[in-house]
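Asker: I am sharing my_file_37.cif, which consists of mmCIF, C-alpha atoms:
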data_upload
loop_
_atom_site.label_atom_id
_atom_site.label_comp_id
_atom_site.auth_asym_id
_atom_site.auth_seq_id
_atom_site.Cartn_x
_atom_site.Cartn_y
_atom_site.Cartn_z
CA MET A 1 75.55 321.29 -93.94
CA SER A 2 77.17 318.99 -91.42
CA LEU A 3 76.32 318.04 -87.86
CA THR A 4 78.20 319.51 -84.92
CA LYS A 5 79.59 317.29 -82.17
CA THR A 6 76.81 318.40 -79.84
CA GLU A 7 74.15 317.57 -82.41
CA ARG A 8 75.62 314.12 -82.99
CA THR A 9 75.67 313.43 -79.25
CA ILE A 10 72.02 314.41 -78.94
CA ILE A 11 70.97 312.16 -81.85
CA VAL A 12 72.99 309.15 -80.73
CA SER A 13 71.85 309.32 -77.12
CA MET A 14 68.19 309.76 -78.02
CA TRP A 15 68.43 306.90 -80.49
CA ALA A 16 69.23 304.50 -77.67
CA LYS A 17 65.75 305.21 -76.27
CA ILE A 18 64.05 305.39 -79.65
CA SER A 19 65.35 302.07 -80.90
CA THR A 20 63.43 300.20 -78.20
CA GLN A 21 60.21 301.30 -79.96
CA ALA A 22 61.63 301.27 -83.47
CA ASP A 23 59.01 299.16 -85.22
CA THR A 24 55.94 300.92 -83.84
CA ILE A 25 57.55 304.28 -84.51
CA GLY A 26 58.14 303.31 -88.13
CA THR A 27 54.60 302.12 -88.70
CA GLU A 28 53.05 305.12 -86.98
CA THR A 29 55.27 307.53 -88.92
CA LEU A 30 53.97 306.13 -92.19
CA GLU A 31 50.38 306.31 -90.90
CA ARG A 32 50.92 309.96 -90.05
CA LEU A 33 52.43 310.59 -93.47
CA PHE A 34 49.54 309.02 -95.38
CA LEU A 35 46.86 310.73 -93.28
CA SER A 36 48.43 314.20 -93.22
CA HIS A 37 49.78 314.15 -96.75
CA PRO A 38 47.54 311.80 -98.75
CA GLN A 39 49.39 312.50 -101.99
CA THR A 40 52.28 310.40 -100.66
CA LYS A 41 50.10 307.31 -101.04
CA THR A 42 50.66 307.57 -104.79
CA TYR A 43 54.02 305.85 -104.24
CA PHE A 44 52.31 302.81 -102.74
CA PRO A 45 49.56 301.66 -105.11
CA HIS A 46 50.74 298.10 -104.50
CA PHE A 47 50.32 298.32 -100.71
CA ASP A 48 47.47 297.62 -98.33
CA LEU A 49 47.60 300.91 -96.42
CA HIS A 50 45.04 300.13 -93.72
CA PRO A 51 46.47 300.93 -90.29
CA GLY A 52 48.13 297.81 -88.92
CA SER A 53 48.57 296.12 -92.29
CA ALA A 54 51.50 293.71 -92.50
CA GLN A 55 52.98 295.66 -95.41
CA LEU A 56 52.82 298.95 -93.49
CA ARG A 57 54.48 297.38 -90.48
CA ALA A 58 57.23 295.81 -92.58
CA HIS A 59 57.88 299.00 -94.48
CA GLY A 60 57.83 301.14 -91.35
CA SER A 61 60.46 298.88 -89.81
CA LYS A 62 62.60 299.19 -92.91
CA VAL A 63 62.45 303.00 -92.86
CA VAL A 64 63.36 303.26 -89.18
CA ALA A 65 66.13 300.69 -89.56
CA ALA A 66 67.65 302.87 -92.27
CA VAL A 67 67.49 305.91 -89.99
CA GLY A 68 69.19 303.74 -87.37
CA ASP A 69 71.96 302.89 -89.83
CA ALA A 70 72.49 306.60 -90.40
CA VAL A 71 72.68 307.16 -86.63
CA LYS A 72 75.18 304.32 -86.17
CA SER A 73 77.39 305.84 -88.88
CA ILE A 74 76.62 309.43 -88.05
CA ASP A 75 80.13 310.48 -89.06
CA ASN A 76 79.63 309.01 -92.52
CA ILE A 77 75.96 309.02 -93.42
CA GLY A 78 76.78 309.19 -97.14
CA GLY A 79 78.71 305.96 -96.93
CA ALA A 80 76.15 304.19 -94.78
CA LEU A 81 73.22 305.06 -97.07
CA SER A 82 75.01 304.83 -100.42
CA LYS A 83 73.00 301.84 -101.67
CA LEU A 84 69.71 303.41 -100.49
CA SER A 85 70.72 306.60 -102.26
CA GLU A 86 71.10 304.69 -105.53
CA LEU A 87 67.81 302.90 -104.97
CA HIS A 88 65.96 306.19 -104.57
CA ALA A 89 67.69 307.81 -107.55
CA TYR A 90 67.33 305.06 -110.13
CA ILE A 91 64.43 302.87 -109.04
CA LEU A 92 62.10 304.61 -106.58
CA ARG A 93 62.52 308.18 -107.82
CA VAL A 94 60.45 309.65 -105.00
CA ASP A 95 60.13 313.39 -105.56
CA PRO A 96 62.49 315.20 -103.17
CA VAL A 97 59.71 317.22 -101.58
CA ASN A 98 58.45 314.05 -99.91
CA PHE A 99 61.55 313.60 -97.77
CA LYS A 100 60.60 316.79 -95.93
CA LEU A 101 57.11 315.41 -95.32
CA LEU A 102 58.35 312.06 -94.01
CA SER A 103 60.99 313.78 -91.85
CA HIS A 104 58.33 316.03 -90.34
CA CYS A 105 56.08 313.07 -89.51
CA LEU A 106 58.95 311.18 -87.88
CA LEU A 107 59.83 314.30 -85.87
CA VAL A 108 56.22 314.74 -84.71
CA ASN A 109 56.15 311.06 -83.71
CA LEU A 110 59.36 311.40 -81.67
CA ALA A 111 58.09 314.63 -80.08
CA ALA A 112 54.87 312.93 -79.00
CA ARG A 113 56.67 309.88 -77.56
CA PHE A 114 59.65 311.62 -75.92
CA PRO A 115 58.39 315.09 -74.94
CA ALA A 116 60.89 315.59 -72.13
CA ASP A 117 63.84 314.82 -74.41
CA PHE A 118 62.55 316.90 -77.28
CA THR A 119 63.97 320.24 -76.18
CA ALA A 120 64.40 323.08 -78.69
CA GLU A 121 68.03 322.00 -79.10
CA ALA A 122 67.06 318.37 -79.70
CA HIS A 123 64.36 319.50 -82.13
CA ALA A 124 66.95 321.46 -84.09
CA ALA A 125 69.41 318.54 -84.08
CA TRP A 126 66.82 316.06 -85.34
CA ASP A 127 65.50 318.40 -88.01
CA LYS A 128 69.04 318.96 -89.24
CA PHE A 129 69.97 315.25 -89.06
CA LEU A 130 66.92 314.21 -91.07
CA SER A 131 67.70 316.97 -93.54
CA VAL A 132 71.19 315.51 -94.01
CA VAL A 133 69.71 312.03 -94.47
CA SER A 134 67.28 313.41 -97.07
CA SER A 135 70.14 315.13 -98.92
CA VAL A 136 72.11 311.91 -99.03
CA LEU A 137 69.10 310.03 -100.40
CA THR A 138 68.57 312.55 -103.19
CA GLU A 139 72.19 313.38 -104.05
CA LYS A 140 72.34 311.01 -107.03
CA TYR A 141 69.04 312.14 -108.57
CA ARG A 142 70.73 314.05 -111.37
CA MET B 143 41.76 325.90 -99.87
CA GLY B 144 41.28 322.71 -97.86
CA HIS B 145 37.88 321.65 -96.63
CA PHE B 146 37.38 321.10 -92.91
CA THR B 147 35.02 318.28 -91.96
CA GLU B 148 32.92 318.59 -88.79
CA GLU B 149 35.34 316.14 -87.26
CA ASP B 150 38.33 318.31 -88.18
CA LYS B 151 36.67 321.33 -86.61
CA ALA B 152 35.81 319.45 -83.43
CA THR B 153 39.35 318.07 -83.15
CA ILE B 154 40.98 321.43 -83.73
CA THR B 155 38.68 323.32 -81.38
CA SER B 156 38.90 320.85 -78.54
CA LEU B 157 42.70 320.68 -78.59
CA TRP B 158 42.92 324.47 -78.74
CA GLY B 159 40.69 324.73 -75.71
CA LYS B 160 43.19 322.76 -73.64
CA LEU B 161 46.21 324.78 -74.73
CA ASN B 162 47.91 327.58 -72.80
CA VAL B 163 48.17 329.94 -75.76
CA GLU B 164 50.72 332.21 -74.12
CA ASP B 165 53.17 329.40 -73.33
CA ALA B 166 52.60 327.63 -76.63
CA GLY B 167 53.14 330.88 -78.52
CA GLY B 168 56.53 331.53 -76.98
CA GLU B 169 57.49 327.89 -77.42
CA THR B 170 56.48 327.87 -81.08
CA LEU B 171 58.13 331.11 -82.14
CA GLY B 172 61.20 330.27 -80.07
CA ARG B 173 61.59 326.89 -81.69
CA LEU B 174 61.18 328.44 -85.15
CA LEU B 175 64.12 330.73 -84.42
CA VAL B 176 66.21 327.88 -82.96
CA VAL B 177 65.49 325.18 -85.53
CA TYR B 178 65.56 327.51 -88.57
CA PRO B 179 68.02 330.23 -87.53
CA TRP B 180 67.65 332.14 -90.78
CA THR B 181 64.17 333.14 -89.64
CA GLN B 182 65.88 335.40 -87.12
CA ARG B 183 66.27 337.84 -90.02
CA PHE B 184 62.89 339.33 -89.14
CA PHE B 185 63.71 339.96 -85.52
CA ASP B 186 66.84 342.13 -85.33
CA SER B 187 65.18 344.27 -82.68
CA PHE B 188 64.52 341.36 -80.33
CA GLY B 189 67.85 341.47 -78.50
CA ASN B 190 69.68 338.35 -77.44
CA LEU B 191 69.09 335.43 -79.84
CA SER B 192 72.59 334.02 -79.50
CA SER B 193 71.74 330.55 -78.19
CA ALA B 194 68.81 328.17 -77.86
CA SER B 195 68.35 329.07 -74.19
CA ALA B 196 68.66 332.80 -74.90
CA ILE B 197 65.98 332.52 -77.58
CA MET B 198 63.58 330.38 -75.55
CA GLY B 199 63.91 332.73 -72.56
CA ASN B 200 63.74 335.97 -74.52
CA PRO B 201 60.73 338.03 -73.33
CA LYS B 202 60.20 339.66 -76.74
CA VAL B 203 60.06 336.24 -78.38
CA LYS B 204 57.48 335.11 -75.83
CA ALA B 205 55.38 338.22 -76.27
CA HIS B 206 55.42 338.04 -80.03
CA GLY B 207 54.75 334.33 -80.02
CA LYS B 208 51.69 334.95 -77.89
CA LYS B 209 50.47 337.56 -80.39
CA VAL B 210 50.89 335.18 -83.32
CA LEU B 211 49.14 332.28 -81.65
CA THR B 212 46.29 334.45 -80.38
CA SER B 213 45.64 335.41 -83.97
CA LEU B 214 45.50 331.73 -84.84
CA GLY B 215 42.85 331.34 -82.18
CA ASP B 216 40.71 333.83 -84.06
CA ALA B 217 41.13 331.76 -87.20
CA ILE B 218 39.87 328.67 -85.42
CA LYS B 219 36.53 330.39 -84.89
CA ASN B 220 36.33 330.99 -88.66
CA LEU B 221 37.66 327.85 -90.26
CA ASP B 222 35.27 328.17 -93.19
CA ASP B 223 36.60 331.59 -94.13
CA LEU B 224 40.32 331.68 -93.42
CA LYS B 225 40.96 333.88 -96.45
CA GLY B 226 38.56 336.53 -95.20
CA THR B 227 39.84 336.29 -91.64
CA PHE B 228 43.46 336.81 -92.69
CA ALA B 229 43.02 339.24 -95.59
CA GLN B 230 44.41 342.25 -93.77
CA LEU B 231 47.18 340.30 -92.07
CA SER B 232 48.12 338.94 -95.47
CA GLU B 233 48.54 342.42 -96.86
CA LEU B 234 50.53 343.41 -93.80
CA HIS B 235 52.92 340.45 -94.12
CA CYS B 236 53.48 341.25 -97.79
CA ASP B 237 53.58 345.03 -97.91
CA LYS B 238 55.02 345.99 -94.53
CA LEU B 239 56.73 342.93 -93.07
CA HIS B 240 58.05 341.44 -96.35
CA VAL B 241 57.84 337.88 -95.06
CA ASP B 242 58.40 335.02 -97.51
CA PRO B 243 55.31 332.77 -97.21
CA GLU B 244 57.60 329.77 -96.83
CA ASN B 245 58.01 330.99 -93.25
CA PHE B 246 54.30 330.40 -92.60
CA ARG B 247 54.76 326.76 -93.56
CA LEU B 248 57.79 326.44 -91.30
CA LEU B 249 55.94 328.03 -88.37
CA GLY B 250 52.90 325.82 -88.96
CA ASN B 251 54.98 322.67 -88.76
CA VAL B 252 56.76 323.89 -85.64
CA LEU B 253 53.34 324.47 -84.06
CA VAL B 254 52.29 320.92 -84.94
CA THR B 255 55.47 319.65 -83.27
CA VAL B 256 54.78 321.74 -80.14
CA LEU B 257 51.26 320.29 -80.00
CA ALA B 258 52.75 316.78 -80.24
CA ILE B 259 55.07 317.50 -77.31
CA HIS B 260 52.24 318.94 -75.29
CA PHE B 261 49.57 316.34 -75.99
CA GLY B 262 51.69 313.21 -76.51
CA LYS B 263 49.58 310.11 -77.11
CA GLU B 264 46.49 312.26 -77.61
CA PHE B 265 48.13 313.76 -80.69
CA THR B 266 47.24 310.75 -82.81
CA PRO B 267 47.85 310.51 -86.57
CA GLU B 268 44.21 311.53 -87.11
CA VAL B 269 44.52 314.58 -84.86
CA GLN B 270 47.76 315.55 -86.59
CA ALA B 271 46.04 315.32 -89.97
CA SER B 272 43.35 317.80 -88.90
CA TRP B 273 45.97 320.18 -87.61
CA GLN B 274 48.08 319.88 -90.78
CA LYS B 275 44.97 320.98 -92.70
CA MET B 276 44.65 323.88 -90.28
CA VAL B 277 48.23 325.15 -90.63
CA THR B 278 48.17 324.65 -94.39
CA GLY B 279 44.94 326.64 -94.59
CA VAL B 280 46.38 329.45 -92.48
CA ALA B 281 49.60 329.59 -94.53
CA SER B 282 47.57 329.71 -97.71
CA ALA B 283 45.26 332.45 -96.38
CA LEU B 284 48.20 334.52 -95.17
CA SER B 285 49.81 334.41 -98.60
CA SER B 286 46.58 334.98 -100.56
CA ARG B 287 46.98 338.77 -100.82
CA TYR B 288 50.63 338.70 -101.86
CA HIS B 289 51.47 340.57 -105.03
#
Please lay out the structure from this file as structure tokens.
Answerer:
Amino acid sequence: MSLTKTERTIIVSMWAKISTQADTIGTETLERLFLSHPQTKTYFPHFDLHPGSAQLRAHGSKVVAAVGDAVKSIDNIGGALSKLSELHAYILRVDPVNFKLLSHCLLVNLAARFPADFTAEAHAAWDKFLSVVSSVLTEKYR
Amino acid sequence: MGHFTEEDKATITSLWGKLNVEDAGGETLGRLLVVYPWTQRFFDSFGNLSSASAIMGNPKVKAHGKKVLTSLGDAIKNLDDLKGTFAQLSELHCDKLHVDPENFRLLGNVLVTVLAIHFGKEFTPEVQASWQKMVTGVASALSSRYH
């Protein structure tokens, strides 16, 4: 599965808007994930997960920054996220099902913040893009 | 399946009350067919589904979307017995429509996204969580009679 030119254009142009709110988007995405899918908290026993916690904010920023890296290298997401892919495969070992959950929560967050931009076409492009990112992050699992 | 708190029920009911079910239905089903094109397999008789705009403007998609979401509205009045409410529809989706239950999960998440677009800031993480419970419960109830 690879992104069409049109899909890439949609992602890159929306990212320009999104990146101005990157940190809050990251934090809120994680909040949504933990509230909607509480089982995902099992990967963070070492975190203070109260809304607004410093750890949540730091981690949210990290996650969104990584998505940003994928956007900036949208023609070579595998290359851009190679180190992260190894991290997830050998150290973090997050079950692959959770990438769908996180992707959905990020999508919902973007939809709520940018309703006018989130047309059916944009929705499809983002869902596909995040699916590609998820594939890259799990491609070294076995 | 999941247990709905009084707060969940209040959240779900109040948001539903502010929704134009007809518009939201067409939007939700349309987006399902656009974002996950393989779901078009169930709708060969719907005519032109050749592009995002064709799908979103298709009158059969809108009509069917309205039907689906109206049925969800019935469920909202019976959150404590989703299995009972959807028993017959479950049999229908298995025996006559032959729909893989994975499609219920996909549709549920598309609905959540449509609600986010519609309600924006009001669709807080807490509100989303209640609605995720709702769509999970519906998907589960709709697949409960599968055999």
Asker: With the file shown as input, list the residues that the PyMOL selection byres ((chain B and resi 193-200) around 7) selects, as a PyMOL selection string.
Answerer: (chain A and resi 120-121) or (chain B and resi 169+172+176+190-192+201-204)
Asker: Counting only C-alpha atoms, which residues from chain B have an atom at most 10 Å from any atom of chain A, and could you show them as a compact mmCIF listing (two decimals) with C-alpha atoms, in the coordinates of the input?
Answerer:
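Saved file iface.txt follows:
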# COMPACT_ATOMS: atom_id res chain seq x y z
CA GLU B 169 57.49 327.89 -77.42
CA THR B 170 56.48 327.87 -81.08
CA GLY B 172 61.20 330.27 -80.07
CA ARG B 173 61.59 326.89 -81.69
CA LEU B 174 61.18 328.44 -85.15
CA LEU B 175 64.12 330.73 -84.42
CA VAL B 176 66.21 327.88 -82.96
CA VAL B 177 65.49 325.18 -85.53
CA TYR B 178 65.56 327.51 -88.57
CA PRO B 179 68.02 330.23 -87.53
CA SER B 193 71.74 330.55 -78.19
CA ALA B 194 68.81 328.17 -77.86
CA SER B 195 68.35 329.07 -74.19
CA ILE B 197 65.98 332.52 -77.58
CA MET B 198 63.58 330.38 -75.55
CA ASN B 251 54.98 322.67 -88.76
CA VAL B 252 56.76 323.89 -85.64
CA VAL B 254 52.29 320.92 -84.94
CA THR B 255 55.47 319.65 -83.27
CA VAL B 256 54.78 321.74 -80.14
CA LEU B 257 51.26 320.29 -80.00
CA ALA B 258 52.75 316.78 -80.24
CA ILE B 259 55.07 317.50 -77.31
CA HIS B 260 52.24 318.94 -75.29
CA PHE B 261 49.57 316.34 -75.99
CA GLY B 262 51.69 313.21 -76.51
CA LYS B 263 49.58 310.11 -77.11
CA GLU B 264 46.49 312.26 -77.61
CA PHE B 265 48.13 313.76 -80.69
CA THR B 266 47.24 310.75 -82.81
CA PRO B 267 47.85 310.51 -86.57
CA GLU B 268 44.21 311.53 -87.11
CA VAL B 269 44.52 314.58 -84.86
CA GLN B 270 47.76 315.55 -86.59
CA ALA B 271 46.04 315.32 -89.97
CA SER B 272 43.35 317.80 -88.90
CA TRP B 273 45.97 320.18 -87.61
CA GLN B 274 48.08 319.88 -90.78
CA LYS B 275 44.97 320.98 -92.70
Asker: Output as AutoDock Vina command-line options the centre and edge lengths (Å, one decimal) of the box along x, y and z of the file that holds every listed atom of stretch 36-51 of chain A after adding 4 Å on each side.
Answerer:
--center_x 49.5 --center_y 305.9 --center_z -97.7 --size_x 17.0 --size_y 24.6 --size_z 22.8
Asker: Could you check which of B:Ala283, B:Ala166, B:Ala152, B:Met276 is closest to B:Thr212, using all atoms listed in the file?
Answerer: B:Ala166
Asker: To one decimal place, how far is atom CA of A:Asp23 from atom CA of A:His59 in Å?
Answerer: 9.3 Å
Asker: Identify, on the basis of only C-alpha atoms, every residue whose closest approach to B:Leu234 does not exceed 12 Å; exclude the query and any residue fewer than 3 positions from it along the same chain; express the result as a list in words.
Answerer: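 Near B:Leu234, the qualifying residues are Phe228, Ala229, Gln230, Leu231, Asp237, Lys238, Leu239, His240, Val241, Leu284, Ser285, Ser286, Arg287, Tyr288 and His289 of chain B.
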Asker: In file coordinates, which residues lie within 8 Å of (52.7, 334.1, -81.0) using all atoms listed in the file, given as number ranges by chain?
Answerer: B: 164, 166-168, 170-171, 204-213
Asker: Closest to A:Ala70 among A:Phe99, A:Tyr90, A:Phe44, A:Trp15, using all atoms listed in the file?
Answerer: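 The answer is A:Trp15, which sits nearest to A:Ala70.
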Asker: For B:Ser156, which residue among B:Arg183, B:Lys225, B:His235, B:Lys219 is the nearest when counting all atoms listed in the file?
Answerer: B:Lys219
Asker: With a distance cut-off of 10 Å and only C-alpha atoms, select the neighbouring residues of A:Lys72, excluding the residue or stretch itself and same-chain residues fewer than 4 positions from it, and output the selection as a tab-separated table (two decimals) with C-alpha atoms, in the frame of the given file.
Answerer:
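Below you can see part_8.tsv, which holds the result:
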chain	number	residue	atom	x	y	z
A	11	ILE	CA	70.97	312.16	-81.85
A	12	VAL	CA	72.99	309.15	-80.73
A	15	TRP	CA	68.43	306.90	-80.49
A	66	ALA	CA	67.65	302.87	-92.27
A	67	VAL	CA	67.49	305.91	-89.99
A	68	GLY	CA	69.19	303.74	-87.37
A	76	ASN	CA	79.63	309.01	-92.52
A	77	ILE	CA	75.96	309.02	-93.42
A	80	ALA	CA	76.15	304.19	-94.78
Asker: Record the distance separating atom CA of B:Ser232 and atom CA of B:Leu253, expressed in Å with one decimal.
Answerer: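 These atoms are spaced 19.2 Å apart.
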Asker: To one decimal place in Å, what is the distance between atom CA of B:Phe185 and atom CA of B:Val163?
Answerer: 20.9 Å
Asker: Within 8 Å of B:Thr155, counting all atoms listed in the file, which residues qualify if same-chain residues fewer than 4 places away don't, as a PDB file with C-alpha atoms, in the frame of the given file?
Answerer:
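Final output, saved to part.pdb:
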ATOM      1  CA  LYS B 151      36.670 321.330 -86.610  1.00  0.00           C
ATOM      2  CA  GLY B 159      40.690 324.730 -75.710  1.00  0.00           C
ATOM      3  CA  ILE B 218      39.870 328.670 -85.420  1.00  0.00           C
TER       4      ILE B 218
END
Asker: Written as an MDAnalysis selection string, which residues does the PyMOL selection byres ((chain B and resi 221) around 10) give for the file shown?
Answerer: chainID B and resid 144:146 150:151 154 216:220 222:225 227 276 279:280
Asker: Using all atoms listed in the file, find all polymer residues with an atom at most 12 Å away from the point (60.9, 317.7, -100.4); report them as a ChimeraX atom specification.
Answerer: /A:40,94-104,130-131,134-135,137-138
Asker: Could you check the closest approach to A:Lys41 for each of A:Ile91, A:Val64, A:Leu56, A:Met14 and tell me which residue wins, using only C-alpha atoms?
Answerer: A:Leu56
Asker: When you count only C-alpha atoms, which of these residues is closest to A:Leu3: A:Pro45, A:Arg93, A:Val136, A:Asp75?
Answerer: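 Looking only at the distances to A:Leu3, the closest residue turns out to be A:Asp75.
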Asker: Would you mind completing stretch 231-260 of chain B to N, CA and C atoms and writing the output as a CSV table (one decimal), in the coordinates of the input?
Answerer:
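Everything below was put into selection_27.csv:
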chain,number,residue,atom,x,y,z
B,231,LEU,N,45.9,340.8,-92.5
B,231,LEU,CA,47.2,340.3,-92.1
B,231,LEU,C,48.0,339.9,-93.2
B,232,SER,N,47.4,339.3,-94.3
B,232,SER,CA,48.1,338.9,-95.5
B,232,SER,C,48.8,340.2,-96.1
B,233,GLU,N,48.0,341.2,-96.3
B,233,GLU,CA,48.5,342.4,-96.9
B,233,GLU,C,49.7,343.0,-96.0
B,234,LEU,N,49.5,342.9,-94.7
B,234,LEU,CA,50.5,343.4,-93.8
B,234,LEU,C,51.8,342.6,-94.0
B,235,HIS,N,51.7,341.3,-94.0
B,235,HIS,CA,52.9,340.4,-94.1
B,235,HIS,C,53.6,340.6,-95.4
B,236,CYS,N,52.9,341.0,-96.5
B,236,CYS,CA,53.5,341.2,-97.8
B,236,CYS,C,54.1,342.7,-97.9
B,237,ASP,N,53.2,343.6,-97.6
B,237,ASP,CA,53.6,345.0,-97.9
B,237,ASP,C,54.5,345.7,-96.9
B,238,LYS,N,54.2,345.3,-95.6
B,238,LYS,CA,55.0,346.0,-94.5
B,238,LYS,C,56.1,345.1,-94.0
B,239,LEU,N,55.8,343.8,-93.7
B,239,LEU,CA,56.7,342.9,-93.1
B,239,LEU,C,57.7,342.2,-94.0
B,240,HIS,N,57.2,342.1,-95.3
B,240,HIS,CA,58.0,341.4,-96.4
B,240,HIS,C,58.5,340.0,-95.9
B,241,VAL,N,57.5,339.2,-95.5
B,241,VAL,CA,57.8,337.9,-95.1
B,241,VAL,C,57.6,336.9,-96.2
B,242,ASP,N,58.6,336.1,-96.5
B,242,ASP,CA,58.4,335.0,-97.5
B,242,ASP,C,57.4,334.0,-96.9
B,243,PRO,N,56.3,333.7,-97.7
B,243,PRO,CA,55.3,332.8,-97.2
B,243,PRO,C,55.8,331.4,-96.8
B,244,GLU,N,57.0,331.0,-97.3
B,244,GLU,CA,57.6,329.8,-96.8
B,244,GLU,C,57.7,329.7,-95.3
B,245,ASN,N,57.9,330.9,-94.7
B,245,ASN,CA,58.0,331.0,-93.2
B,245,ASN,C,56.7,330.6,-92.5
B,246,PHE,N,55.6,330.8,-93.2
B,246,PHE,CA,54.3,330.4,-92.6
B,246,PHE,C,54.2,328.9,-92.5
B,247,ARG,N,54.8,328.2,-93.6
B,247,ARG,CA,54.8,326.8,-93.6
B,247,ARG,C,55.7,326.2,-92.5
B,248,LEU,N,56.9,326.9,-92.3
B,248,LEU,CA,57.8,326.4,-91.3
B,248,LEU,C,57.2,326.6,-89.9
B,249,LEU,N,56.5,327.8,-89.7
B,249,LEU,CA,55.9,328.0,-88.4
B,249,LEU,C,54.8,327.0,-88.1
B,250,GLY,N,54.0,326.8,-89.1
B,250,GLY,CA,52.9,325.8,-89.0
B,250,GLY,C,53.4,324.5,-88.5
B,251,ASN,N,54.5,324.0,-89.1
B,251,ASN,CA,55.0,322.7,-88.8
B,251,ASN,C,55.6,322.7,-87.4
B,252,VAL,N,56.2,323.8,-87.0
B,252,VAL,CA,56.8,323.9,-85.6
B,252,VAL,C,55.6,323.8,-84.6
B,253,LEU,N,54.5,324.5,-85.0
B,253,LEU,CA,53.3,324.5,-84.1
B,253,LEU,C,52.8,323.0,-83.9
B,254,VAL,N,52.7,322.3,-85.0
B,254,VAL,CA,52.3,320.9,-84.9
B,254,VAL,C,53.2,320.1,-84.0
B,255,THR,N,54.5,320.4,-84.1
B,255,THR,CA,55.5,319.6,-83.3
B,255,THR,C,55.3,320.0,-81.8
B,256,VAL,N,55.0,321.3,-81.5
B,256,VAL,CA,54.8,321.7,-80.1
B,256,VAL,C,53.5,321.1,-79.6
B,257,LEU,N,52.5,321.0,-80.4
B,257,LEU,CA,51.3,320.3,-80.0
B,257,LEU,C,51.6,318.8,-79.7
B,258,ALA,N,52.4,318.2,-80.5
B,258,ALA,CA,52.8,316.8,-80.2
B,258,ALA,C,53.5,316.6,-78.9
B,259,ILE,N,54.4,317.5,-78.6
B,259,ILE,CA,55.1,317.5,-77.3
B,259,ILE,C,54.1,317.7,-76.2
B,260,HIS,N,53.2,318.6,-76.3
B,260,HIS,CA,52.2,318.9,-75.3
B,260,HIS,C,51.2,317.8,-75.0
